[in-house]
Amino acid sequence: MMGGRMADRLLAKGHAVTGYNRTREKAQWLVERGLTLTDSPRAVSGAADVTFVMVTNSAALDAVANGPDGFIAGLAPARSSST
């Protein structure tokens with residue numbers, strides 16, 4: 001619930017939002033508002049500058065974070081910036 005509402009607010013403000021939901025049907029209302037729905041958490045983090053994770057418990061976090069399709073696998077190396 002919280003993640004969907006956050007995504008909806010970002011979309012309403014004109015931000016591009018890429019997301020994943022273990023139950024795709026639950027994200028359909030966000031797709032209708034402009035969310036790009038991916039097939040894995042890895043695809044989300046690979047496409048994003050910032051990644052938010054909203055899950056119900058530690059087991060759910062482990063499921064979306066780890067493994068070859070987890071969001072950790074999609075993180076890019078840190079970029080250096082010059083000032």
# chains A, B, ... in the order shown; residues from 1 in each chain; ligands from 1
>>> residues_around(residues="Asp39 in chain A", least_positions_apart="2", cutoff="9 Å", atoms="only C-alpha atoms", output="list of chain:residue names")
A:Gly19, A:Tyr20, A:Asn21, A:Arg22, A:Arg24, A:Leu37, A:Pro41, A:Arg42, A:Ala43, A:Val44
>>> residues_around(residues="His15 in chain A", least_positions_apart="2", cutoff="12 Å", atoms="only C-alpha atoms", output="ChimeraX atom specification")
/A:6-13,17-18,33-36,48-50
>>> select_by_dssp(residues="chain A", states="strand (DSSP E or B)", output="list in words")
Thr18, Gly19, Thr36 and Leu37 of chain A
>>> residues_around(residues="Pro77 in chain A", least_positions_apart="3", cutoff="12 Å", atoms="only C-alpha atoms", output="count of residues only")
7
>>> atom_distance(atom1="CA of Met54 in chain A", atom2="CA of Phe71 in chain A")
12.3 Å
>>> atom_distance(atom1="CA of Ala76 in chain A", atom2="CA of Arg5 in chain A")
26.3 Å
>>> atom_distance(atom1="CA of Val53 in chain A", atom2="CA of Ala16 in chain A")
16.3 Å
